[in-house]
file entry05.txt (compact mmCIF, N, CA and C atoms)
# COMPACT_ATOMS: atom_id res chain seq x y z
N MET A 1 73.75 104.61 90.11
CA MET A 1 74.32 103.87 91.23
C MET A 1 75.77 104.28 91.48
N LEU A 2 76.50 104.59 90.43
CA LEU A 2 77.90 104.97 90.59
C LEU A 2 78.05 106.37 91.19
N LEU A 3 77.22 107.30 90.75
CA LEU A 3 77.35 108.68 91.23
C LEU A 3 77.15 108.80 92.74
N PRO A 4 76.16 108.13 93.34
CA PRO A 4 76.05 108.22 94.80
C PRO A 4 77.28 107.66 95.53
N LEU A 5 77.87 106.62 94.97
CA LEU A 5 79.09 106.05 95.56
C LEU A 5 80.23 107.06 95.50
N LEU A 6 80.38 107.71 94.35
CA LEU A 6 81.43 108.72 94.21
C LEU A 6 81.18 109.90 95.14
N ALA A 7 79.91 110.31 95.24
CA ALA A 7 79.57 111.43 96.13
C ALA A 7 79.87 111.08 97.58
N THR A 8 79.58 109.87 97.98
CA THR A 8 79.88 109.43 99.34
C THR A 8 81.38 109.45 99.59
N PHE A 9 82.16 109.00 98.61
CA PHE A 9 83.61 109.02 98.75
C PHE A 9 84.11 110.45 98.91
N VAL A 10 83.59 111.37 98.10
CA VAL A 10 84.02 112.77 98.17
C VAL A 10 83.71 113.36 99.55
N GLU A 11 82.59 112.98 100.13
CA GLU A 11 82.24 113.46 101.47
C GLU A 11 83.12 112.83 102.54
N ASP A 12 83.40 111.56 102.38
CA ASP A 12 84.11 110.79 103.41
C ASP A 12 85.63 110.96 103.37
N ALA A 13 86.19 111.16 102.19
CA ALA A 13 87.65 111.19 102.02
C ALA A 13 88.35 112.23 102.89
N PRO A 14 87.83 113.46 103.00
CA PRO A 14 88.53 114.42 103.86
C PRO A 14 88.60 113.97 105.32
N LEU A 15 87.56 113.30 105.78
CA LEU A 15 87.57 112.79 107.16
C LEU A 15 88.59 111.67 107.31
N ARG A 16 88.65 110.80 106.32
CA ARG A 16 89.61 109.69 106.34
C ARG A 16 91.05 110.22 106.31
N PHE A 17 91.28 111.21 105.43
CA PHE A 17 92.63 111.76 105.34
C PHE A 17 93.00 112.50 106.62
N ALA A 18 92.06 113.23 107.20
CA ALA A 18 92.33 113.94 108.46
C ALA A 18 92.68 112.95 109.57
N ALA A 19 91.99 111.82 109.62
CA ALA A 19 92.31 110.80 110.62
C ALA A 19 93.73 110.26 110.41
N LEU A 20 94.10 110.08 109.16
CA LEU A 20 95.46 109.61 108.86
C LEU A 20 96.49 110.65 109.28
N GLU A 21 96.23 111.91 108.97
CA GLU A 21 97.16 112.98 109.37
C GLU A 21 97.31 113.06 110.89
N ARG A 22 96.20 112.94 111.61
CA ARG A 22 96.28 112.96 113.09
C ARG A 22 97.11 111.80 113.61
N ALA A 23 96.91 110.64 113.01
CA ALA A 23 97.68 109.46 113.44
C ALA A 23 99.16 109.65 113.17
N VAL A 24 99.49 110.20 112.01
CA VAL A 24 100.90 110.46 111.68
C VAL A 24 101.48 111.49 112.63
N ALA A 25 100.75 112.55 112.89
CA ALA A 25 101.23 113.60 113.81
C ALA A 25 101.46 113.04 115.20
N GLY A 26 100.64 112.09 115.59
CA GLY A 26 100.78 111.47 116.91
C GLY A 26 101.83 110.38 116.97
N GLY A 27 102.34 109.97 115.80
CA GLY A 27 103.37 108.93 115.77
C GLY A 27 102.89 107.57 116.24
N ASP A 28 101.60 107.32 116.10
CA ASP A 28 100.99 106.08 116.58
C ASP A 28 100.87 105.09 115.42
N SER A 29 101.75 104.11 115.37
CA SER A 29 101.79 103.19 114.23
C SER A 29 100.48 102.42 114.07
N LYS A 30 99.86 102.00 115.16
CA LYS A 30 98.58 101.27 115.07
C LYS A 30 97.49 102.16 114.49
N ALA A 31 97.44 103.42 114.93
CA ALA A 31 96.44 104.35 114.42
C ALA A 31 96.71 104.67 112.94
N ILE A 32 97.97 104.80 112.56
CA ILE A 32 98.32 105.04 111.16
C ILE A 32 97.87 103.85 110.32
N GLU A 33 98.20 102.67 110.78
CA GLU A 33 97.83 101.45 110.05
C GLU A 33 96.31 101.38 109.86
N SER A 34 95.58 101.63 110.93
CA SER A 34 94.12 101.56 110.88
C SER A 34 93.53 102.62 109.96
N ALA A 35 94.00 103.86 110.07
CA ALA A 35 93.48 104.95 109.24
C ALA A 35 93.81 104.72 107.77
N ALA A 36 95.03 104.30 107.49
CA ALA A 36 95.42 104.04 106.11
C ALA A 36 94.60 102.89 105.52
N HIS A 37 94.38 101.86 106.32
CA HIS A 37 93.59 100.71 105.85
C HIS A 37 92.16 101.12 105.52
N ALA A 38 91.55 101.89 106.39
CA ALA A 38 90.17 102.31 106.18
C ALA A 38 90.04 103.17 104.93
N TYR A 39 90.96 104.09 104.75
CA TYR A 39 90.91 104.97 103.58
C TYR A 39 91.24 104.18 102.31
N LYS A 40 92.17 103.25 102.41
CA LYS A 40 92.56 102.41 101.27
C LYS A 40 91.36 101.63 100.76
N SER A 41 90.53 101.14 101.66
CA SER A 41 89.36 100.37 101.26
C SER A 41 88.42 101.20 100.40
N GLY A 42 88.16 102.43 100.83
CA GLY A 42 87.29 103.32 100.06
C GLY A 42 87.90 103.67 98.71
N ALA A 43 89.18 103.95 98.70
CA ALA A 43 89.86 104.29 97.45
C ALA A 43 89.83 103.11 96.48
N GLY A 44 90.01 101.92 97.01
CA GLY A 44 89.95 100.73 96.17
C GLY A 44 88.57 100.51 95.59
N THR A 45 87.55 100.79 96.37
CA THR A 45 86.17 100.61 95.92
C THR A 45 85.86 101.46 94.70
N ILE A 46 86.39 102.67 94.65
CA ILE A 46 86.11 103.54 93.51
C ILE A 46 87.19 103.45 92.44
N HIS A 47 88.11 102.52 92.60
CA HIS A 47 89.20 102.27 91.65
C HIS A 47 90.18 103.43 91.54
N ALA A 48 90.41 104.12 92.65
CA ALA A 48 91.47 105.13 92.72
C ALA A 48 92.75 104.37 93.06
N SER A 49 93.29 103.68 92.07
CA SER A 49 94.34 102.70 92.30
C SER A 49 95.65 103.29 92.81
N VAL A 50 96.02 104.46 92.32
CA VAL A 50 97.28 105.08 92.79
C VAL A 50 97.13 105.46 94.26
N LEU A 51 96.01 106.08 94.61
CA LEU A 51 95.76 106.44 96.00
C LEU A 51 95.73 105.20 96.88
N ALA A 52 95.04 104.17 96.44
CA ALA A 52 94.97 102.93 97.22
C ALA A 52 96.35 102.31 97.42
N ALA A 53 97.18 102.35 96.39
CA ALA A 53 98.53 101.79 96.50
C ALA A 53 99.38 102.59 97.48
N GLU A 54 99.27 103.90 97.44
CA GLU A 54 100.04 104.73 98.37
C GLU A 54 99.58 104.51 99.81
N LEU A 55 98.28 104.37 99.98
CA LEU A 55 97.75 104.07 101.32
C LEU A 55 98.19 102.69 101.80
N ALA A 56 98.27 101.74 100.89
CA ALA A 56 98.77 100.40 101.25
C ALA A 56 100.22 100.49 101.70
N SER A 57 101.01 101.32 101.03
CA SER A 57 102.41 101.50 101.43
C SER A 57 102.49 102.10 102.83
N ALA A 58 101.65 103.10 103.10
CA ALA A 58 101.63 103.71 104.44
C ALA A 58 101.19 102.69 105.48
N GLU A 59 100.18 101.92 105.14
CA GLU A 59 99.69 100.88 106.07
C GLU A 59 100.79 99.87 106.37
N ASN A 60 101.47 99.40 105.34
CA ASN A 60 102.53 98.41 105.52
C ASN A 60 103.72 98.98 106.29
N SER A 61 104.07 100.23 106.02
CA SER A 61 105.17 100.86 106.76
C SER A 61 104.82 100.97 108.24
N ALA A 62 103.59 101.37 108.52
CA ALA A 62 103.17 101.48 109.92
C ALA A 62 103.14 100.11 110.59
N ARG A 63 102.65 99.11 109.88
CA ARG A 63 102.59 97.76 110.43
C ARG A 63 103.99 97.26 110.77
N GLY A 64 104.97 97.63 109.94
CA GLY A 64 106.35 97.22 110.17
C GLY A 64 107.10 98.12 111.12
N GLY A 65 106.44 99.16 111.63
CA GLY A 65 107.09 100.06 112.57
C GLY A 65 108.06 101.03 111.92
N HIS A 66 107.93 101.24 110.61
CA HIS A 66 108.83 102.12 109.87
C HIS A 66 108.22 103.52 109.76
N LEU A 67 108.11 104.18 110.88
CA LEU A 67 107.46 105.48 110.91
C LEU A 67 108.23 106.55 110.15
N GLU A 68 109.55 106.37 110.02
CA GLU A 68 110.34 107.36 109.28
C GLU A 68 109.93 107.41 107.81
N ALA A 69 109.45 106.31 107.27
CA ALA A 69 109.01 106.27 105.88
C ALA A 69 107.67 106.96 105.68
N ILE A 70 106.90 107.08 106.74
CA ILE A 70 105.56 107.64 106.66
C ILE A 70 105.59 109.11 106.24
N THR A 71 106.59 109.85 106.66
CA THR A 71 106.64 111.28 106.35
C THR A 71 106.60 111.53 104.84
N GLY A 72 107.41 110.82 104.11
CA GLY A 72 107.39 110.96 102.65
C GLY A 72 106.12 110.41 102.04
N LEU A 73 105.65 109.31 102.58
CA LEU A 73 104.44 108.70 102.05
C LEU A 73 103.21 109.59 102.24
N ILE A 74 103.13 110.26 103.37
CA ILE A 74 101.96 111.08 103.65
C ILE A 74 101.86 112.23 102.65
N GLU A 75 103.01 112.74 102.20
CA GLU A 75 103.01 113.80 101.18
C GLU A 75 102.46 113.27 99.86
N GLN A 76 102.88 112.07 99.49
CA GLN A 76 102.38 111.45 98.27
C GLN A 76 100.88 111.18 98.37
N VAL A 77 100.47 110.68 99.53
CA VAL A 77 99.04 110.42 99.76
C VAL A 77 98.26 111.73 99.67
N ARG A 78 98.77 112.78 100.28
CA ARG A 78 98.09 114.09 100.25
C ARG A 78 97.90 114.57 98.81
N ASP A 79 98.96 114.49 98.02
CA ASP A 79 98.88 114.95 96.63
C ASP A 79 97.84 114.14 95.84
N GLU A 80 97.87 112.84 96.00
CA GLU A 80 96.93 111.99 95.26
C GLU A 80 95.51 112.15 95.79
N HIS A 81 95.38 112.32 97.09
CA HIS A 81 94.08 112.58 97.72
C HIS A 81 93.44 113.80 97.07
N HIS A 82 94.20 114.89 96.96
CA HIS A 82 93.67 116.11 96.35
C HIS A 82 93.34 115.90 94.87
N ALA A 83 94.19 115.20 94.16
CA ALA A 83 93.96 114.96 92.73
C ALA A 83 92.69 114.14 92.51
N VAL A 84 92.50 113.11 93.31
CA VAL A 84 91.31 112.27 93.18
C VAL A 84 90.06 113.08 93.49
N LEU A 85 90.10 113.86 94.56
CA LEU A 85 88.92 114.67 94.91
C LEU A 85 88.59 115.68 93.81
N LEU A 86 89.59 116.32 93.24
CA LEU A 86 89.34 117.27 92.15
C LEU A 86 88.69 116.59 90.95
N GLU A 87 89.19 115.43 90.61
CA GLU A 87 88.63 114.69 89.48
C GLU A 87 87.19 114.26 89.75
N LEU A 88 86.95 113.75 90.94
CA LEU A 88 85.60 113.30 91.28
C LEU A 88 84.63 114.47 91.36
N GLU A 89 85.07 115.57 91.91
CA GLU A 89 84.19 116.75 92.00
C GLU A 89 83.84 117.25 90.60
N ALA A 90 84.76 117.19 89.65
CA ALA A 90 84.49 117.59 88.28
C ALA A 90 83.45 116.64 87.65
N ILE A 91 83.61 115.37 87.91
CA ILE A 91 82.66 114.37 87.38
C ILE A 91 81.27 114.62 87.95
N LEU A 92 81.21 114.83 89.25
CA LEU A 92 79.92 115.04 89.91
C LEU A 92 79.26 116.36 89.48
N ALA A 93 80.06 117.36 89.17
CA ALA A 93 79.51 118.65 88.75
C ALA A 93 78.85 118.56 87.36
N GLN A 94 79.28 117.60 86.56
CA GLN A 94 78.72 117.42 85.22
C GLN A 94 77.36 116.73 85.25
N LYS A 95 77.04 116.12 86.32
CA LYS A 95 75.79 115.33 86.39
C LYS A 95 74.65 116.11 86.97

call {"tool": "encode", "arguments": {"input": "entry05.txt", "output": "structure tokens"}}
result
Amino acid sequence: MLLPLLATFVEDAPLRFAALERAVAGGDSKAIESAAHAYKSGAGTIHASVLAAELASAENSARGGHLEAITGLIEQVRDEHHAVLLELEAILAQK
């Protein structure tokens, strides 16, 4: 039951992150908030707590209209996004 959930996250995460990047590039705080929230939910479900926390920070910054903070946050999210995917892909490859 856990492996299909992880596999779904691995498939979905690049789309979620791409949506967040597009929102950041467009400077649309509502779109950033929405994309970060959606991705945060998935990260929380699989207990990727660092990624979920960084996405929560991006969501809160966007909600508060602090778009200048998003630039640094998106880099942190990107790094953790890649780290989580690498770890999950290694787990899935063992099964």

call {"tool": "atom_distance", "arguments": {"input": "entry05.txt", "atom1": "atom N of Ala19 (chain A)", "atom2": "CA of Gln94 (chain A)"}}
result
28.3 Å

call {"tool": "closest_residue", "arguments": {"input": "entry05.txt", "among": "A:Glu21, A:Glu80, A:Glu75, A:Glu11", "to": "Ala52 (chain A)", "atoms": "only C-alpha atoms"}}
result
A:Glu80

call {"tool": "closest_residue", "arguments": {"input": "entry05.txt", "among": "A:His66, A:His81, A:Ile46, A:Leu92", "to": "Ser29 (chain A)", "atoms": "only N, CA and C atoms"}}
result
A:His66

call {"tool": "closest_residue", "arguments": {"input": "entry05.txt", "among": "A:His37, A:Ala48, A:Phe17, A:Pro4", "to": "Val77 (chain A)", "atoms": "all atoms listed in the file"}}
result
A:Phe17

call {"tool": "closest_residue", "arguments": {"input": "entry05.txt", "among": "A:Pro14, A:Gly44, A:Leu51, A:Gly26", "to": "Asp79 (chain A)", "atoms": "all atoms listed in the file"}}
result
A:Leu51

call {"tool": "closest_residue", "arguments": {"input": "entry05.txt", "among": "A:Gly27, A:Glu87, A:Val10, A:Leu2", "to": "Leu67 (chain A)", "atoms": "all atoms listed in the file"}}
result
A:Gly27

call {"tool": "closest_residue", "arguments": {"input": "entry05.txt", "among": "A:Val50, A:Ile70, A:Leu6, A:Met1", "to": "Ala23 (chain A)", "atoms": "only C-alpha atoms"}}
result
A:Ile70

call {"tool": "atom_distance", "arguments": {"input": "entry05.txt", "atom1": "atom C of Thr45 (chain A)", "atom2": "atom N of Leu85 (chain A)"}}
result
13.1 Å

call {"tool": "axis_aligned_box", "arguments": {"input": "entry05.txt", "around": "region 57-60 of chain A", "padding_each_side": "4 Å", "output": "JSON"}}
result
{"center_x": 101.7, "center_y": 101.1, "center_z": 103.7, "size_x": 12.0, "size_y": 13.3, "size_z": 13.3}

call {"tool": "atom_distance", "arguments": {"input": "entry05.txt", "atom1": "CA of Ala62 (chain A)", "atom2": "CA of Leu15 (chain A)"}}
result
19.5 Å
